[in-house]
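Read the structure below first, then the notes.
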Amino acid sequence: MASPKRLLLASALLTGAALAADGIVPGKLLLDPTFQCIGVEVTYTGDVRPNAQGTVQYRASGETAWRTGHPLVRVSDKPTDAKGGGAKNPRYFSSIFCLKEDTEYEVEVKFEDPDGVSAQLPAQKVRTRNSAVKTGSGRHFYANPAAAAEGDGSQAQPYKSLEKALAAGGPGDTIHLAAGVYPVLAPLACDLSGEENAWLHIKAEPGAIVTDADPELSGIGKLAWEKFKQDEDGRWIYKLPVKDAHRVMVRKKPGDVTTGYFLWRAMQNDTTKYNGPHRGQTVAHLIENYTGLNKCGIFLQEPDALYAILPEGMDDPARVDVQISRGNVAQRQSGHVLSFKGHHVLVEGLTFDLTVSLQVAGHHVHFKRIAVYGNNGRNNISTGTYGLIEDSTFVFNTNYDWHHAPPAKISKGNRWDPWGRVKNGANDTHLVSPAQGTVFRYNYISGFNNVVGPPAPALSKNIEIHHNRFDHVYDDCIEPDGPGVNWRVYENQFCRFINGISDAPVDVGPFFVVRNSFDKYVQGAFKVRNGAAGKTLYYHNVCYPQKNVQIYSHGPRPEAWPIPNPGFDGLAFCPDQDGERWMRTRNNILVGGRAAYSVRGDKCVLMDTLDFDYNLLASVNGGNTRRVGEKHSLSGMPVFKDLEKGDLRLMDESQPGVDSGEIVKGINDEVPAPWQFTGKAPDMGLYEYGIELPQVGPRKGR
């Protein structure tokens, strides 16, 4: 019989062997650069517990000192608990921020595991991408819609149509588009490609406009309006017979594409699905609901006719600038499409009017300084992989004012119904659907229902959104439903919206939300829904709600319309529905309406499990901030630099939150200015006290 001493030794040896067998075995280090960041991915086996931790270090090639990046975050495809243990396909991700374009970096990762580490992975080199692509080495082609006939593409005899011009180019070529209107009356597929060192360049002059408006029907004085009926104020309602309309848009200022807005349709009579503004509307409702409500003119669309009450001071319908597109059933559903199937293409300076959608089926297609007015198709811009959209303007005017649709006509009478307006306005559309490696930066976006939508799950990786101005968004500014792997949303300004970031759900992560301001929101700066189990990380954001519940995100509520929900007054975090949740919030200033964070009703059973350590929590209405034992969190309303103008920096060094944050490597420590903290600890909020706000929106001279 073995002695107790030997049994104890054998037990120790077996335990040691089990521990060694459970140690982490690093696999591959995969690096995916953008222009200013690098996505880091590490595969591994072992570490079943799991209890290994990984760090990221990096330096520019030629430098001797290493910087430490954000710690590696363990994720998995199908987590079985809120911490990701026992999961399918586990691996690590992180992101390195604040890098320089077109610069080579060395990156290494190191692991620590109480159960042992089989080996450390060697450092790898990677170069950040360069947005200054190489163009102009090939031929030059010219197009001008005012040309007398279709030419050969020379400067003397330019192409007349956009289709001919786009079919001509190849690697290194430049296609010059003169000012004028280029109609796209049917889907136009462009199989265009350049090469890595010879991009195809589509260069538009100011005033070059692509539209799907039918020139025979659109413009001033093209069609004959007829008097139909007078309303109770004696104003004439005019009728314009027109069939097979796909979209109809009216320009407030004739000839100015920036002032167009879509007509509301009256052809949908389903009042059971939504209590929206134009469900079941008729011409009779037009007369009844609009009397005395506005001075801007009202337009309504039925299947075979348009109806209008003209704006004050405009008594001649022939002066109305109407833009009408027509098409088959599929086109009416999806919008006319301009698709790029190739790669290494730069599109610069074009304006898109009405409903032309841009679909990229290739990779490395860049859009610079483009403008989109009134675009309304689902996923208006699909970027393809490794795309870029920068310094551009996107405006959907339909939602700007209250006069575009009457209140909901339901059994309870007219009421102010913002959710119905959104869902029935453009059918929950998105402006941009990005894909892996896409960068969306320095853009101005206004008037859309949703801006950035989810890509296909396999392409929801290493997407970057920064230095944009989101203004007047009527549902979700960014909605990354799906994996959301290594998305980076940073240094954006969000103003007047329902929800800012919609985690509904991110189911893998990590999803980084860093140094953004969320101002004048109505429902939630951060919406957490549908069992969000992916790893979302919120650092140094500032949230401040719409103070007046009587004002919606895009204008004053007409006094005659009661609000549907008096409690619709904004939460910094607004979660609901059961399910696993994982998120990390640090160094944020979370100001809500009735509370900094809470739940809608009683749907969230995990509210007390959410971690709000190291945050400043406050409520505009003086309500309970619902602090649930957070460590090092603060209460109290800070004073901001200029609340009315959306400058949400702290007013001075006496404000709560100064020198009160947590040090986070790669976010506020071992990073270049202005992210590097000073003083005893990081300041909560956007930046250290005294730091200037960054440029957001299109940059001049770019």
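Each chain in the structure tokens gets a letter, A, B, ..., in the order shown, and its residues are numbered from 1; ligands are numbered from 1 in order too.
Residues within 7 Å of Phe612 in chain A, counting only C-alpha atoms and excluding same-chain residues fewer than 3 positions away, are Thr585, Asn615 and Glu630 of chain A.
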Skipping near chain neighbours, those fewer than 5 positions away, what residues fall within 7 Å of range 439-442 of chain A using only C-alpha atoms, listed as an mmCIF file with N, CA and C atoms, in the first residue's frame?
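Contents of result_8.cif, freshly written:
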```
data_model
loop_
_atom_site.group_PDB
_atom_site.id
_atom_site.type_symbol
_atom_site.label_atom_id
_atom_site.label_comp_id
_atom_site.auth_asym_id
_atom_site.auth_seq_id
_atom_site.Cartn_x
_atom_site.Cartn_y
_atom_site.Cartn_z
ATOM 1 N N GLY A 387 -12.786 49.721 -48.214
ATOM 2 C CA GLY A 387 -13.224 50.955 -48.845
ATOM 3 C C GLY A 387 -12.938 52.164 -47.976
ATOM 4 N N LEU A 388 -13.198 53.331 -48.541
ATOM 5 C CA LEU A 388 -13.010 54.593 -47.827
ATOM 6 C C LEU A 388 -14.080 55.572 -48.288
ATOM 7 N N ILE A 389 -14.734 56.222 -47.336
ATOM 8 C CA ILE A 389 -15.631 57.344 -47.617
ATOM 9 C C ILE A 389 -15.201 58.473 -46.708
ATOM 10 N N GLU A 390 -14.784 59.593 -47.296
ATOM 11 C CA GLU A 390 -14.284 60.685 -46.473
ATOM 12 C C GLU A 390 -14.629 62.044 -47.060
ATOM 13 N N ASP A 391 -14.710 63.047 -46.140
ATOM 14 C CA ASP A 391 -14.907 64.455 -46.508
ATOM 15 C C ASP A 391 -16.145 64.642 -47.383
ATOM 16 N N ILE A 463 -13.780 47.571 -38.926
ATOM 17 C CA ILE A 463 -14.457 48.716 -39.546
ATOM 18 C C ILE A 463 -14.255 49.928 -38.654
ATOM 19 N N GLU A 464 -14.016 51.085 -39.273
ATOM 20 C CA GLU A 464 -13.605 52.267 -38.525
ATOM 21 C C GLU A 464 -14.471 53.464 -38.892
ATOM 22 N N ILE A 465 -14.993 54.147 -37.874
ATOM 23 C CA ILE A 465 -15.889 55.297 -38.063
ATOM 24 C C ILE A 465 -15.388 56.406 -37.152
ATOM 25 N N HIS A 466 -14.850 57.478 -37.730
ATOM 26 C CA HIS A 466 -14.286 58.517 -36.866
ATOM 27 C C HIS A 466 -14.361 59.909 -37.498
ATOM 28 N N HIS A 467 -14.421 60.914 -36.628
ATOM 29 C CA HIS A 467 -14.414 62.332 -36.990
ATOM 30 C C HIS A 467 -15.575 62.704 -37.919
ATOM 31 N N ASN A 468 -16.728 62.093 -37.687
ATOM 32 C CA ASN A 468 -17.927 62.431 -38.441
ATOM 33 C C ASN A 468 -18.865 63.269 -37.584
ATOM 34 N N VAL A 696 -14.384 67.700 -36.945
ATOM 35 C CA VAL A 696 -15.365 66.705 -37.362
ATOM 36 C C VAL A 696 -16.056 67.228 -38.616
ATOM 37 N N GLY A 697 -16.514 66.320 -39.448
ATOM 38 C CA GLY A 697 -17.123 66.715 -40.709
ATOM 39 C C GLY A 697 -16.076 66.958 -41.779
ATOM 40 N N PRO A 698 -16.526 67.297 -43.001
ATOM 41 C CA PRO A 698 -15.603 67.447 -44.134
ATOM 42 C C PRO A 698 -14.514 68.487 -43.873
ATOM 43 N N ARG A 699 -13.308 68.141 -44.246
ATOM 44 C CA ARG A 699 -12.167 69.049 -44.101
ATOM 45 C C ARG A 699 -12.033 69.909 -45.350
#
```
Do you know which residues are at most 7 Å from range 314-325 of chain A counting only C-alpha atoms, after dropping those on the same chain fewer than 5 positions away, and could you put them as a CSV table (one decimal) with C-alpha atoms, in the first residue's frame?
```csv
chain,number,residue,atom,x,y,z
A,212,ASP,CA,-32.5,58.8,-61.6
A,213,ALA,CA,-35.0,61.6,-62.3
A,214,ASP,CA,-36.7,61.2,-65.7
A,217,LEU,CA,-41.1,64.5,-66.3
A,218,SER,CA,-38.7,66.5,-64.0
A,219,GLY,CA,-38.0,70.1,-63.6
A,220,ILE,CA,-40.0,73.3,-63.7
A,221,GLY,CA,-43.1,73.6,-66.0
A,225,TRP,CA,-51.1,70.7,-62.6
A,245,ALA,CA,-43.6,56.9,-60.3
A,246,HIS,CA,-40.8,55.3,-58.4
A,247,ARG,CA,-39.9,58.3,-56.3
A,248,VAL,CA,-41.1,61.9,-56.3
A,249,MET,CA,-39.1,64.7,-54.8
A,250,VAL,CA,-39.8,68.4,-54.6
A,251,ARG,CA,-37.2,71.1,-54.3
A,254,PRO,CA,-36.0,75.4,-57.7
```
Neighbour list for range 87-102 of chain A as a count of residues only, cut-off 8 Å, only C-alpha atoms, skip fewer than 3 positions in-chain: 35
Shell of 10 Å around Thr258 in chain A, only C-alpha atoms, local chain residues under 4 positions omitted, as number ranges by chain: A: 251-253, 353, 371-374, 394-397
Output N, CA and C atoms of each residue in that selection to a file, as an mmCIF file, in the first residue's frame.
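Dumped to selection.cif:
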```cif
data_model
loop_
_atom_site.group_PDB
_atom_site.id
_atom_site.type_symbol
_atom_site.label_atom_id
_atom_site.label_comp_id
_atom_site.auth_asym_id
_atom_site.auth_seq_id
_atom_site.Cartn_x
_atom_site.Cartn_y
_atom_site.Cartn_z
ATOM 1 N N ARG A 251 -38.203 70.169 -54.793
ATOM 2 C CA ARG A 251 -37.154 71.060 -54.303
ATOM 3 C C ARG A 251 -37.777 72.340 -53.767
ATOM 4 N N LYS A 252 -37.461 72.644 -52.543
ATOM 5 C CA LYS A 252 -37.983 73.879 -51.955
ATOM 6 C C LYS A 252 -37.498 75.088 -52.730
ATOM 7 N N LYS A 253 -36.245 75.015 -53.145
ATOM 8 C CA LYS A 253 -35.665 76.086 -53.949
ATOM 9 C C LYS A 253 -35.400 75.518 -55.337
ATOM 10 N N ASP A 353 -28.185 62.696 -56.645
ATOM 11 C CA ASP A 353 -29.471 63.290 -56.330
ATOM 12 C C ASP A 353 -30.577 62.248 -56.459
ATOM 13 N N ALA A 371 -21.257 64.085 -52.585
ATOM 14 C CA ALA A 371 -22.427 64.624 -51.898
ATOM 15 C C ALA A 371 -23.639 63.794 -52.294
ATOM 16 N N VAL A 372 -24.456 63.473 -51.328
ATOM 17 C CA VAL A 372 -25.666 62.684 -51.565
ATOM 18 C C VAL A 372 -26.836 63.451 -50.971
ATOM 19 N N TYR A 373 -27.833 63.763 -51.797
ATOM 20 C CA TYR A 373 -29.011 64.495 -51.343
ATOM 21 C C TYR A 373 -30.259 63.682 -51.661
ATOM 22 N N GLY A 374 -31.006 63.333 -50.626
ATOM 23 C CA GLY A 374 -32.286 62.683 -50.834
ATOM 24 C C GLY A 374 -32.214 61.206 -51.108
ATOM 25 N N PHE A 394 -23.909 63.995 -46.688
ATOM 26 C CA PHE A 394 -25.078 63.155 -46.933
ATOM 27 C C PHE A 394 -26.281 63.803 -46.248
ATOM 28 N N VAL A 395 -27.250 64.223 -47.033
ATOM 29 C CA VAL A 395 -28.416 64.916 -46.484
ATOM 30 C C VAL A 395 -29.679 64.303 -47.059
ATOM 31 N N PHE A 396 -30.555 63.879 -46.184
ATOM 32 C CA PHE A 396 -31.870 63.371 -46.568
ATOM 33 C C PHE A 396 -32.885 64.358 -46.006
ATOM 34 N N ASN A 397 -33.381 65.257 -46.860
ATOM 35 C CA ASN A 397 -34.180 66.379 -46.388
ATOM 36 C C ASN A 397 -35.586 66.013 -45.948
#
```
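Atom pair CA of Glu112 in chain A / CA of Ile663 in chain A: separated by 20.3 Å.
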Nearest-residue call for Gln493 in chain A, choices A:Pro454, A:Gly646, A:Pro545, A:Pro145, using only C-alpha atoms: A:Gly646
Restricting the calculation to only C-alpha atoms, which member of A:Ser161, A:Pro241, A:Lys229, A:Gly194 is positioned closest to Lys341 in chain A? A:Gly194
As a PyMOL selection string, please: all residues of range 79-251 of chain A that backbone DSSP puts in strand (DSSP E). chain A and resi 91-96+104-112+124-127+140-143+174-177+180-183+188-190+200-204+208-211+219-220+226-230+236-241+245-251
Name all residues at most 8 Å from Tyr538 in chain A (count only C-alpha atoms; drop same-chain ones fewer than 2 positions away) and give them as number ranges by chain. A: 512-514, 536, 540-541, 583-586, 588
